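Below is the file entry_27.csv, which contains CSV, C-alpha atoms and all ligand atoms.
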```csv
chain,number,residue,atom,x,y,z
V,1,MET,CA,46.1,1.7,-30.9
V,2,ILE,CA,48.7,-0.9,-31.3
V,3,GLU,CA,47.8,-4.5,-32.1
V,4,LYS,CA,50.0,-6.4,-29.8
V,5,PRO,CA,49.7,-5.3,-26.2
V,6,VAL,CA,52.9,-3.8,-24.7
V,7,TYR,CA,53.2,-4.6,-21.0
V,8,VAL,CA,55.5,-2.9,-18.5
V,9,THR,CA,57.9,-5.8,-18.7
V,10,ARG,CA,58.4,-9.1,-20.4
V,11,SER,CA,60.4,-12.1,-18.9
V,12,SER,CA,63.7,-13.0,-20.5
V,13,LEU,CA,64.0,-16.7,-21.5
V,14,PRO,CA,66.9,-18.7,-22.9
V,15,ALA,CA,66.4,-20.6,-26.1
V,16,TYR,CA,64.0,-23.5,-25.6
V,17,GLU,CA,66.6,-26.1,-26.5
V,18,GLU,CA,69.2,-24.6,-24.2
V,19,TYR,CA,66.9,-25.0,-21.2
V,20,ILE,CA,65.8,-28.5,-22.2
V,21,GLU,CA,69.4,-29.6,-22.4
V,22,MET,CA,70.0,-28.2,-19.0
V,23,ILE,CA,67.1,-30.1,-17.3
V,24,ARG,CA,67.5,-33.3,-19.2
V,25,PRO,CA,69.9,-34.9,-16.6
V,26,MET,CA,67.2,-34.5,-14.0
V,27,TRP,CA,65.3,-37.4,-15.6
V,28,GLU,CA,68.2,-39.6,-14.8
V,29,ASN,CA,69.2,-38.4,-11.3
V,30,HIS,CA,65.7,-37.5,-10.0
V,31,ARG,CA,67.1,-34.7,-7.9
V,32,LEU,CA,64.5,-32.0,-8.1
V,33,THR,CA,65.1,-29.8,-5.1
V,34,ASN,CA,66.8,-29.6,-1.6
V,35,MET,CA,70.0,-27.9,-2.5
V,36,GLY,CA,70.9,-30.0,-5.5
V,37,GLU,CA,73.7,-29.7,-8.0
V,38,TYR,CA,72.2,-26.7,-9.9
V,39,HIS,CA,71.5,-24.9,-6.7
V,40,GLN,CA,75.2,-25.2,-5.7
V,41,ARG,CA,76.4,-24.3,-9.2
V,42,LEU,CA,74.2,-21.2,-9.5
V,43,GLU,CA,75.5,-20.0,-6.1
V,44,GLU,CA,79.1,-20.3,-7.3
V,45,LYS,CA,78.3,-18.6,-10.7
V,46,LEU,CA,76.5,-15.7,-9.0
V,47,LYS,CA,79.4,-15.1,-6.5
V,48,ASP,CA,81.6,-14.9,-9.5
V,49,PHE,CA,79.4,-12.7,-11.6
V,50,LEU,CA,78.4,-10.3,-8.8
V,51,GLN,CA,81.9,-10.3,-7.2
V,52,ILE,CA,80.6,-11.1,-3.8
V,53,SER,CA,82.0,-13.5,-1.1
V,54,ASN,CA,78.8,-15.1,0.1
V,55,ILE,CA,75.3,-15.9,-1.2
V,56,SER,CA,72.4,-18.1,-0.3
V,57,LEU,CA,69.7,-18.8,-2.9
V,58,MET,CA,66.1,-18.6,-1.9
V,59,VAL,CA,62.7,-19.6,-3.3
V,60,ASN,CA,61.9,-15.9,-4.0
V,61,GLY,CA,63.0,-12.4,-3.0
V,62,HIS,CA,60.4,-11.9,-0.3
V,63,THR,CA,61.5,-15.0,1.5
V,64,ALA,CA,65.1,-13.9,1.1
V,65,LEU,CA,64.2,-10.6,2.9
V,66,GLU,CA,62.3,-12.4,5.6
V,67,MET,CA,65.1,-14.9,6.3
V,68,ALA,CA,67.8,-12.2,6.2
V,69,ILE,CA,66.0,-10.3,8.9
V,70,GLN,CA,65.3,-13.5,10.9
V,71,ALA,CA,69.0,-14.5,10.7
V,72,MET,CA,69.9,-11.3,12.5
V,73,ASP,CA,68.2,-12.5,15.7
V,74,PHE,CA,66.9,-9.0,16.6
V,75,PRO,CA,64.7,-8.9,19.8
V,76,LYS,CA,61.0,-8.9,19.0
V,77,GLY,CA,59.5,-5.4,18.7
V,78,SER,CA,62.8,-3.8,17.6
V,79,GLU,CA,62.6,-0.9,15.2
V,80,ILE,CA,63.9,-1.0,11.7
V,81,ILE,CA,64.3,2.3,9.8
V,82,THR,CA,63.1,1.9,6.2
V,83,THR,CA,61.6,3.6,3.2
V,84,PRO,CA,57.9,3.6,2.2
V,85,PHE,CA,58.7,4.1,-1.4
V,86,THR,CA,59.1,0.5,-2.4
V,87,PHE,CA,57.3,-2.7,-3.3
V,88,ILE,CA,55.1,-3.8,-0.4
V,89,SER,CA,57.4,-6.8,0.2
V,90,THR,CA,60.0,-4.7,2.0
V,91,THR,CA,57.5,-3.5,4.6
V,92,HIS,CA,55.8,-6.9,5.0
V,93,ALA,CA,59.1,-8.6,5.6
V,94,ILE,CA,59.8,-6.3,8.6
V,95,ILE,CA,56.3,-6.7,10.1
V,96,ARG,CA,56.1,-10.5,9.5
V,97,ASN,CA,59.3,-10.8,11.6
V,98,GLY,CA,57.7,-9.1,14.5
V,99,MET,CA,59.7,-5.9,14.0
V,100,VAL,CA,58.4,-2.3,13.8
V,101,PRO,CA,59.0,-0.4,10.5
V,102,VAL,CA,59.9,3.3,11.1
V,103,PHE,CA,59.4,5.1,7.9
V,104,CYS,CA,61.9,7.6,6.7
V,105,ASP,CA,61.2,10.0,3.8
V,106,ILE,CA,63.0,9.8,0.4
V,107,LYS,CA,65.0,12.3,-1.6
V,108,LEU,CA,63.4,14.0,-4.6
V,109,SER,CA,66.6,13.6,-6.6
V,110,ASP,CA,66.8,9.7,-6.8
V,111,PHE,CA,63.8,8.5,-4.7
V,112,THR,CA,66.1,6.5,-2.3
V,113,ILE,CA,66.0,7.0,1.5
V,114,ASP,CA,67.0,10.5,2.7
V,115,GLU,CA,70.2,9.7,4.6
V,116,ASN,CA,70.0,13.1,6.3
V,117,LYS,CA,66.7,12.2,8.0
V,118,ILE,CA,67.8,8.8,9.4
V,119,GLU,CA,69.5,9.9,12.6
V,120,ASN,CA,66.4,11.8,13.9
V,121,LEU,CA,64.5,8.5,13.8
V,122,ILE,CA,66.9,6.4,15.8
V,123,THR,CA,65.7,5.4,19.3
V,124,ASP,CA,67.0,2.9,21.8
V,125,LYS,CA,64.9,0.3,20.1
V,126,THR,CA,66.5,0.8,16.6
V,127,VAL,CA,68.5,-2.2,15.4
V,128,ALA,CA,68.8,-1.8,11.7
V,129,ILE,CA,68.4,0.3,8.6
V,130,LEU,CA,66.6,-1.3,5.6
V,131,PRO,CA,66.9,1.0,2.5
V,132,VAL,CA,66.0,0.1,-1.1
V,133,HIS,CA,68.0,0.9,-4.2
V,134,VAL,CA,64.9,2.1,-6.0
V,135,TYR,CA,64.8,1.6,-9.8
V,136,GLY,CA,68.5,0.8,-9.7
V,137,ASN,CA,69.4,4.1,-8.1
V,138,VAL,CA,72.0,3.2,-5.4
V,139,CYS,CA,71.4,4.7,-1.9
V,140,ASN,CA,74.1,6.9,-0.3
V,141,TYR,CA,75.9,3.9,1.1
V,142,THR,CA,78.9,5.8,2.5
V,143,ARG,CA,76.7,8.0,4.7
V,144,ILE,CA,74.5,5.0,5.7
V,145,ASP,CA,77.6,3.1,6.6
V,146,GLU,CA,78.8,5.9,8.8
V,147,ILE,CA,75.5,6.2,10.6
V,148,SER,CA,75.3,2.4,11.2
V,149,LYS,CA,78.8,2.4,12.7
V,150,LYS,CA,78.1,5.3,14.9
V,151,TYR,CA,74.9,3.8,16.4
V,152,ASN,CA,75.9,0.1,16.0
V,153,LEU,CA,73.1,-0.8,13.6
V,154,LYS,CA,72.9,-3.5,11.0
V,155,VAL,CA,72.3,-2.5,7.3
V,156,LEU,CA,70.2,-4.7,5.1
V,157,TYR,CA,69.7,-3.5,1.6
V,158,ASP,CA,66.7,-4.5,-0.5
V,159,ALA,CA,68.7,-4.8,-3.7
V,160,ALA,CA,65.9,-6.3,-5.8
V,161,HIS,CA,66.4,-3.5,-8.4
V,162,THR,CA,70.2,-3.6,-8.6
V,163,PHE,CA,71.2,-7.0,-9.9
V,164,GLY,CA,74.7,-6.8,-11.3
V,165,GLU,CA,75.1,-3.1,-10.8
V,166,ARG,CA,78.4,-1.5,-9.7
V,167,ILE,CA,79.1,1.8,-7.9
V,168,ASP,CA,82.5,3.4,-7.5
V,169,ASP,CA,83.9,0.1,-9.0
V,170,SER,CA,82.5,-2.2,-6.4
V,171,SER,CA,79.5,-4.5,-6.5
V,172,VAL,CA,76.3,-3.0,-5.2
V,173,GLU,CA,75.5,-6.4,-3.8
V,174,SER,CA,78.5,-6.2,-1.6
V,175,LEU,CA,77.1,-3.2,0.3
V,176,GLY,CA,75.8,-3.4,3.9
V,177,ASP,CA,75.7,-6.4,6.1
V,178,VAL,CA,73.4,-8.1,3.7
V,179,SER,CA,71.9,-7.3,0.3
V,180,VAL,CA,68.8,-9.1,-0.9
V,181,LEU,CA,68.0,-9.9,-4.5
V,182,SER,CA,64.9,-10.9,-6.3
V,183,PHE,CA,65.0,-13.2,-9.3
V,184,HIS,CA,61.3,-13.0,-10.1
V,185,ALA,CA,60.2,-13.4,-13.7
V,186,THR,CA,59.8,-9.6,-14.1
V,187,LYS,CA,63.3,-8.7,-12.9
V,188,VAL,CA,66.4,-8.1,-15.0
V,189,PHE,CA,67.7,-11.5,-14.1
V,190,ASN,CA,65.2,-14.3,-13.4
V,191,THR,CA,65.0,-17.8,-12.2
V,192,ILE,CA,61.2,-17.9,-12.8
V,193,GLU,CA,60.7,-17.3,-9.1
V,194,GLY,CA,63.7,-16.8,-6.9
V,195,GLY,CA,65.9,-14.6,-4.8
V,196,ALA,CA,69.1,-14.5,-2.7
V,197,VAL,CA,70.7,-13.1,0.3
V,198,CYS,CA,74.2,-11.7,-0.3
V,199,PHE,CA,76.2,-11.2,2.9
V,200,LYS,CA,79.6,-10.4,4.5
V,201,ASP,CA,79.7,-12.6,7.6
V,202,GLU,CA,80.3,-16.1,6.3
V,203,LYS,CA,78.8,-17.7,9.4
V,204,LEU,CA,75.5,-16.6,8.0
V,205,TYR,CA,75.7,-19.3,5.3
V,206,GLN,CA,74.9,-22.2,7.5
V,207,LYS,CA,72.3,-20.2,9.4
V,208,LEU,CA,70.4,-19.3,6.3
V,209,TYR,CA,70.9,-22.8,4.9
V,210,ASN,CA,69.1,-24.2,8.0
V,211,LEU,CA,66.5,-21.4,8.1
V,212,LYS,CA,65.4,-22.1,4.5
V,213,ASN,CA,65.1,-25.8,5.3
V,214,PHE,CA,62.7,-25.3,8.2
V,215,GLY,CA,65.5,-24.6,10.7
V,216,ILE,CA,66.6,-28.2,10.5
V,217,ARG,CA,70.3,-28.6,11.7
V,218,SER,CA,70.6,-32.4,11.4
V,219,GLU,CA,68.3,-35.4,11.1
V,220,GLU,CA,67.0,-35.2,14.7
V,221,ILE,CA,67.7,-31.5,15.6
V,222,VAL,CA,65.6,-28.5,14.6
V,223,GLU,CA,67.4,-25.5,16.0
V,224,ALA,CA,65.2,-22.6,14.7
V,225,VAL,CA,61.7,-21.8,13.6
V,226,GLY,CA,62.5,-21.7,9.9
V,227,ALA,CA,60.4,-22.1,6.8
V,228,ASN,CA,60.6,-23.6,3.3
V,229,GLY,CA,62.7,-21.1,1.4
V,230,LYS,CA,64.6,-23.5,-0.9
V,231,MET,CA,65.1,-22.8,-4.6
V,232,ASN,CA,64.3,-25.9,-6.7
V,233,GLU,CA,66.5,-27.3,-9.4
V,234,PHE,CA,64.3,-26.2,-12.3
V,235,CYS,CA,64.6,-22.6,-11.2
V,236,ALA,CA,68.3,-22.9,-10.6
V,237,ALA,CA,68.7,-24.4,-14.1
V,238,MET,CA,66.8,-21.4,-15.6
V,239,GLY,CA,69.1,-19.1,-13.7
V,240,ILE,CA,72.2,-20.8,-15.0
V,241,CYS,CA,70.9,-20.4,-18.6
V,242,ASN,CA,69.7,-16.8,-18.1
V,243,LEU,CA,73.0,-15.8,-16.6
V,244,ARG,CA,74.9,-16.8,-19.8
V,245,HIS,CA,72.9,-14.1,-21.6
V,246,ILE,CA,72.7,-11.4,-19.0
V,247,ARG,CA,75.2,-8.9,-20.4
V,248,ASN,CA,73.5,-8.9,-23.7
V,249,GLU,CA,70.1,-8.4,-22.1
V,250,ILE,CA,71.4,-5.5,-20.1
V,251,LYS,CA,73.0,-4.0,-23.2
V,252,LYS,CA,69.7,-4.2,-25.1
V,253,ARG,CA,67.9,-2.5,-22.1
V,254,GLU,CA,70.5,0.2,-22.2
V,255,ASN,CA,69.9,0.9,-25.9
V,256,ASN,CA,66.1,1.1,-25.3
V,257,THR,CA,66.7,3.5,-22.4
V,258,LEU,CA,68.8,5.8,-24.6
V,259,TYR,CA,66.1,5.7,-27.2
V,260,TYR,CA,63.5,6.7,-24.6
V,261,ASP,CA,65.8,9.4,-23.3
V,262,ALA,CA,66.3,11.0,-26.7
V,263,ARG,CA,62.5,11.2,-27.3
V,264,LEU,CA,61.3,12.2,-23.8
V,265,SER,CA,64.0,14.7,-22.8
V,266,LEU,CA,62.4,17.1,-25.4
V,267,ILE,CA,59.1,17.3,-23.4
V,268,SER,CA,59.3,20.0,-20.7
V,269,ASP,CA,56.7,18.5,-18.3
V,270,ILE,CA,58.6,15.2,-17.9
V,271,THR,CA,61.7,14.4,-15.9
V,272,VAL,CA,63.7,11.4,-16.8
V,273,ARG,CA,66.5,9.9,-14.7
V,274,LYS,CA,69.8,11.8,-14.8
V,275,ARG,CA,72.5,9.2,-14.8
V,276,ASP,CA,75.0,9.1,-12.0
V,277,PRO,CA,78.4,8.5,-13.7
V,278,ARG,CA,79.6,6.5,-10.7
V,279,ILE,CA,76.9,3.8,-11.3
V,280,ASP,CA,76.8,1.0,-13.9
V,281,TYR,CA,73.1,0.6,-14.2
V,282,ASN,CA,71.2,-2.6,-15.2
V,283,TYR,CA,68.4,-0.6,-16.8
V,284,GLY,CA,65.7,-2.5,-15.1
V,285,TYR,CA,63.1,0.3,-15.1
V,286,TYR,CA,62.2,3.4,-17.0
V,287,PRO,CA,60.5,5.7,-14.4
V,288,VAL,CA,59.3,9.1,-15.5
V,289,LEU,CA,58.1,12.0,-13.3
V,290,PHE,CA,55.3,14.3,-14.3
V,291,VAL,CA,54.5,17.7,-13.1
V,292,SER,CA,51.2,16.7,-11.5
V,293,GLU,CA,49.1,13.6,-10.4
V,294,ASP,CA,46.5,14.6,-12.9
V,295,GLN,CA,48.9,14.6,-15.8
V,296,ARG,CA,50.4,11.3,-14.7
V,297,ASN,CA,47.0,9.7,-14.6
V,298,ARG,CA,46.0,11.1,-18.0
V,299,VAL,CA,49.1,9.6,-19.6
V,300,TYR,CA,48.5,6.3,-17.8
V,301,GLU,CA,44.9,6.2,-19.2
V,302,LYS,CA,45.9,7.3,-22.7
V,303,LEU,CA,48.5,4.5,-22.9
V,304,LYS,CA,46.1,2.0,-21.6
V,305,GLU,CA,43.4,2.9,-24.1
V,306,ASN,CA,46.0,2.2,-26.7
V,307,ASN,CA,47.0,-1.2,-25.5
V,308,ILE,CA,50.2,0.0,-23.6
V,309,TYR,CA,50.4,-0.9,-19.9
V,310,ALA,CA,52.6,1.4,-17.8
V,311,ARG,CA,52.6,1.0,-14.0
V,312,LYS,CA,52.0,3.5,-11.2
V,313,TYR,CA,55.0,2.0,-9.5
V,314,PHE,CA,55.1,2.7,-6.4
V,315,TYR,CA,51.7,4.1,-5.7
V,316,PRO,CA,50.5,4.4,-3.0
V,317,ILE,CA,53.5,4.3,-0.7
V,318,THR,CA,53.6,1.1,1.4
V,319,SER,CA,52.8,2.9,4.7
V,320,ASP,CA,49.5,4.2,3.3
V,321,GLN,CA,48.3,0.8,2.1
V,322,LYS,CA,44.9,-0.4,3.2
V,323,CYS,CA,46.3,-3.3,5.3
V,324,PHE,CA,47.9,-0.9,7.7
V,325,LEU,CA,44.6,0.9,8.2
V,326,GLU,CA,45.7,4.5,9.0
V,327,GLU,CA,48.5,3.6,11.4
V,328,TYR,CA,51.1,5.7,9.6
V,329,LYS,CA,49.0,8.5,8.2
V,330,ASP,CA,50.5,11.2,10.4
V,331,VAL,CA,54.1,10.2,9.7
V,332,LYS,CA,55.7,13.0,7.7
V,333,LEU,CA,56.6,11.5,4.3
V,334,GLU,CA,56.1,14.5,2.1
V,335,ASN,CA,58.5,13.6,-0.7
V,336,ALA,CA,57.5,9.9,-0.9
V,337,ARG,CA,53.8,10.8,-1.1
V,338,ASP,CA,54.5,13.5,-3.7
V,339,ILE,CA,56.6,11.3,-5.9
V,340,SER,CA,54.3,8.3,-5.7
V,341,LYS,CA,51.5,10.5,-7.2
V,342,ARG,CA,53.6,11.8,-10.1
V,343,ILE,CA,55.6,8.7,-11.1
V,344,LEU,CA,55.0,6.3,-13.9
V,345,THR,CA,57.1,3.3,-15.0
V,346,LEU,CA,57.1,2.9,-18.7
V,347,PRO,CA,57.4,-0.4,-20.6
V,348,LEU,CA,61.1,-1.5,-20.7
V,349,TYR,CA,62.6,-4.9,-21.6
V,350,SER,CA,65.3,-6.2,-23.8
V,351,ASP,CA,63.1,-7.2,-26.8
V,352,LEU,CA,61.0,-4.0,-26.7
V,353,GLU,CA,61.2,-2.6,-30.2
V,354,GLU,CA,62.2,0.9,-31.2
V,355,CYS,CA,58.9,1.4,-33.0
V,356,GLU,CA,57.0,0.5,-29.9
V,357,ILE,CA,59.0,3.0,-27.8
V,358,GLU,CA,58.3,5.6,-30.5
V,359,LYS,CA,54.5,4.9,-30.1
V,360,VAL,CA,54.7,5.1,-26.3
V,361,CYS,CA,56.4,8.5,-26.6
V,362,ASN,CA,54.0,9.8,-29.2
V,363,TYR,CA,51.0,9.0,-27.0
V,364,ILE,CA,52.7,10.8,-24.1
V,365,LYS,CA,53.3,13.8,-26.2
V,366,LEU,CA,49.6,14.0,-27.1
V,367,VAL,CA,48.8,14.4,-23.4
V,368,CYS,CA,51.7,16.6,-22.3
V,401,LIG,C1,60.4,-7.8,-6.6
V,401,LIG,C2,60.7,-7.1,-5.3
V,401,LIG,C3,60.7,-7.8,-4.1
V,401,LIG,C4,60.1,-9.2,-3.9
V,401,LIG,O1,60.7,-10.1,-4.6
V,401,LIG,P1,59.9,-11.5,-5.1
V,401,LIG,O2,61.0,-12.3,-5.7
V,401,LIG,O3,58.8,-11.1,-6.0
V,401,LIG,O4,59.4,-12.1,-3.8
V,401,LIG,C5,61.1,-7.1,-2.9
V,401,LIG,N1,61.4,-5.8,-3.0
V,401,LIG,C6,61.5,-5.1,-4.1
V,401,LIG,C7,61.9,-3.7,-4.1
V,401,LIG,C8,61.1,-5.7,-5.3
V,401,LIG,O5,61.1,-5.0,-6.5
```
Target format structure tokens, applied to this file:
Amino acid sequence: MIEKPVYVTRSSLPAYEEYIEMIRPMWENHRLTNMGEYHQRLEEKLKDFLQISNISLMVNGHTALEMAIQAMDFPKGSEIITTPFTFISTTHAIIRNGMVPVFCDIKLSDFTIDENKIENLITDKTVAILPVHVYGNVCNYTRIDEISKKYNLKVLYDAAHTFGERIDDSSVESLGDVSVLSFHATKVFNTIEGGAVCFKDEKLYQKLYNLKNFGIRSEEIVEAVGANGKMNEFCAAMGICNLRHIRNEIKKRENNTLYYDARLSLISDITVRKRDPRIDYNYGYYPVLFVSEDQRNRVYEKLKENNIYARKYFYPITSDQKCFLEEYKDVKLENARDISKRILTLPLYSDLEECEIEKVCNYIKLVC
């Protein structure tokens, strides 16, 4: 048993003084929210860092997903092909927009949507594909792009796990019509709570700007049924500070990942991620796959008994969640259901110490 609990993640923070310096001017200008100076500055800095042409900051990743879908103006009841192996937010954002999620199975190799199963699910109601780059594994974007062109569909990526990643030398956030980011406290880059929509069509900027401000176009004109999706100045200031240190944070995560790899690759019952050389990862997660659900659960319990908190992330798959009753129980999602029973996400963050990783691995070895 280790003294200090080890959780699956730990939020990155800038030095206290650095943040205080950043927010001090707000006691003079009293500009706390509504697209203030820091909001604008963070949008510019992120465009630069992520190498993308357009971005709209939001209050959180979920709202960013909802607003990205709303901005597409799909007819109500349209179908969106998506993955059930994700955080519940992805599925909720589709349904809360009055759209119908059509679940597609995932690949056993990297847990992203199986691009070869998408075409069979397309009907005359299909308007979009909403895949997720799970754990930072990038979807087969070239194939998804071809399918979307052939059937005239929009592609919206849930890119909550790929902040700052690159593939084939381009930004992952530049893929699709839109890519949605989350800057929640638990993510690689955080603004306490926050998110963003990255997009190709620059006309979306004004549309999203209005949507996140209740759909207000001008003082007397409300042109859409929007909501309050604005990122406030304290969050934007945190983002500006955290962005200064992001490369170092990712480097430390990479070192910890390599440390885990060296210890766990010796255990035959465990599969760790094989790195795709085309991807520059952000090392946001350390998922491991066990041979059985029973073994996964025993490892989870063993760690918990010893003050280490891994997560069964993502279990169960979203389509099998209680809130959907049993609506999707007959949908064939063999791989997604299988992986969700055998996966475990181990603690990983920049300040995780090697001796802590050593202990996590030793407890795993006791069970496997
Ligand atoms: C975190 C996350 C979200 C939601 O983001 P919030 O900022 O927490 O609202 C959506 N999708 C995925 C895959 C996520 O991991």
Legend entry - Which residue of V:Met35, V:Ala71, V:Ile357, V:Cys139 approaches V:Ile106 most closely, using all atoms listed in the file: V:Cys139
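Residue nearest V:Pro5 within the list V:Cys368, V:Leu344, V:Leu303, V:Ala128: V:Leu303 [criterion: smallest interatomic distance, only C-alpha atoms].
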Inset, instruction - Select the residues contacting ligand LIG 401 (chain V) at a distance of at most 8 Å, based on all atoms listed in the file, then format the selection as a list of chain:residue names. - result: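 Those residues are V:Val59, V:Asn60, V:Gly61, V:His62, V:Thr63, V:Ala64, V:Leu65, V:Thr86, V:Phe87, V:Ile88, V:Ser89, V:Thr90, V:Val132, V:His133, V:Val134, V:Asp158, V:Ala159, V:Ala160, V:His161, V:Leu181, V:Ser182, V:Phe183, V:His184, V:Thr186, V:Lys187, V:Glu193, V:Gly194, V:Gly195.
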Legend entry - Selection near stretch 18-20 of chain V, 12 Å with only C-alpha atoms, sequence-local residues under 4 positions removed, as a PyMOL selection string: chain V and resi 13-14+24-27+191+234-245
Legend entry - Residues within 10 Å of V:Asp105, all atoms listed in the file, excluding chain neighbours under 6 positions, as a PyMOL selection string: chain V and resi 82-85+111-118+331-337
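Rounded to one decimal, atom CA of V:Tyr157 and atom CA of V:Arg296 lie 29.3 Å from each other.
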Inset, instruction - Quote the spacing between atom CA of V:Asn137 and atom CA of V:Phe290 in Å to one decimal place. - result: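 According to the coordinates, atom CA of V:Asn137 and atom CA of V:Phe290 are separated by 18.5 Å.
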Inset, instruction - Extract, using all atoms listed in the file, all DNA, RNA and protein residues at most 9 Å from V:Asp201, discarding same-chain residues fewer than 5 positions from it, and format them as a list of chain:residue names. - result: V:Asn54, V:Asp177, V:Val178
Legend entry - Distance criterion (all atoms listed in the file): nearest to V:Tyr260 out of V:Asn228, V:Asn362, V:Thr318, V:Thr162: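 Under the stated criterion, the closest residue is V:Asn362.
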Inset, instruction - Grab the atom CA of V:Gly98 to atom CA of V:Phe74 distance for me, in Å with one decimal place. - result: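 Separation between atom CA of V:Gly98 and atom CA of V:Phe74: 9.4 Å.
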Legend entry - Residues within 12 Å of V:Asn282, all atoms listed in the file, excluding chain neighbours under 4 positions, as a ChimeraX atom specification: /V:133,135-138,159-167,172,187-189,246-257,275,286,348-350
Inset, instruction - Could you tell me which of V:Ile364, V:Leu57, V:Ile122, V:Ile192 comes closest to V:Lys302 if we count all atoms listed in the file? - result: V:Ile364
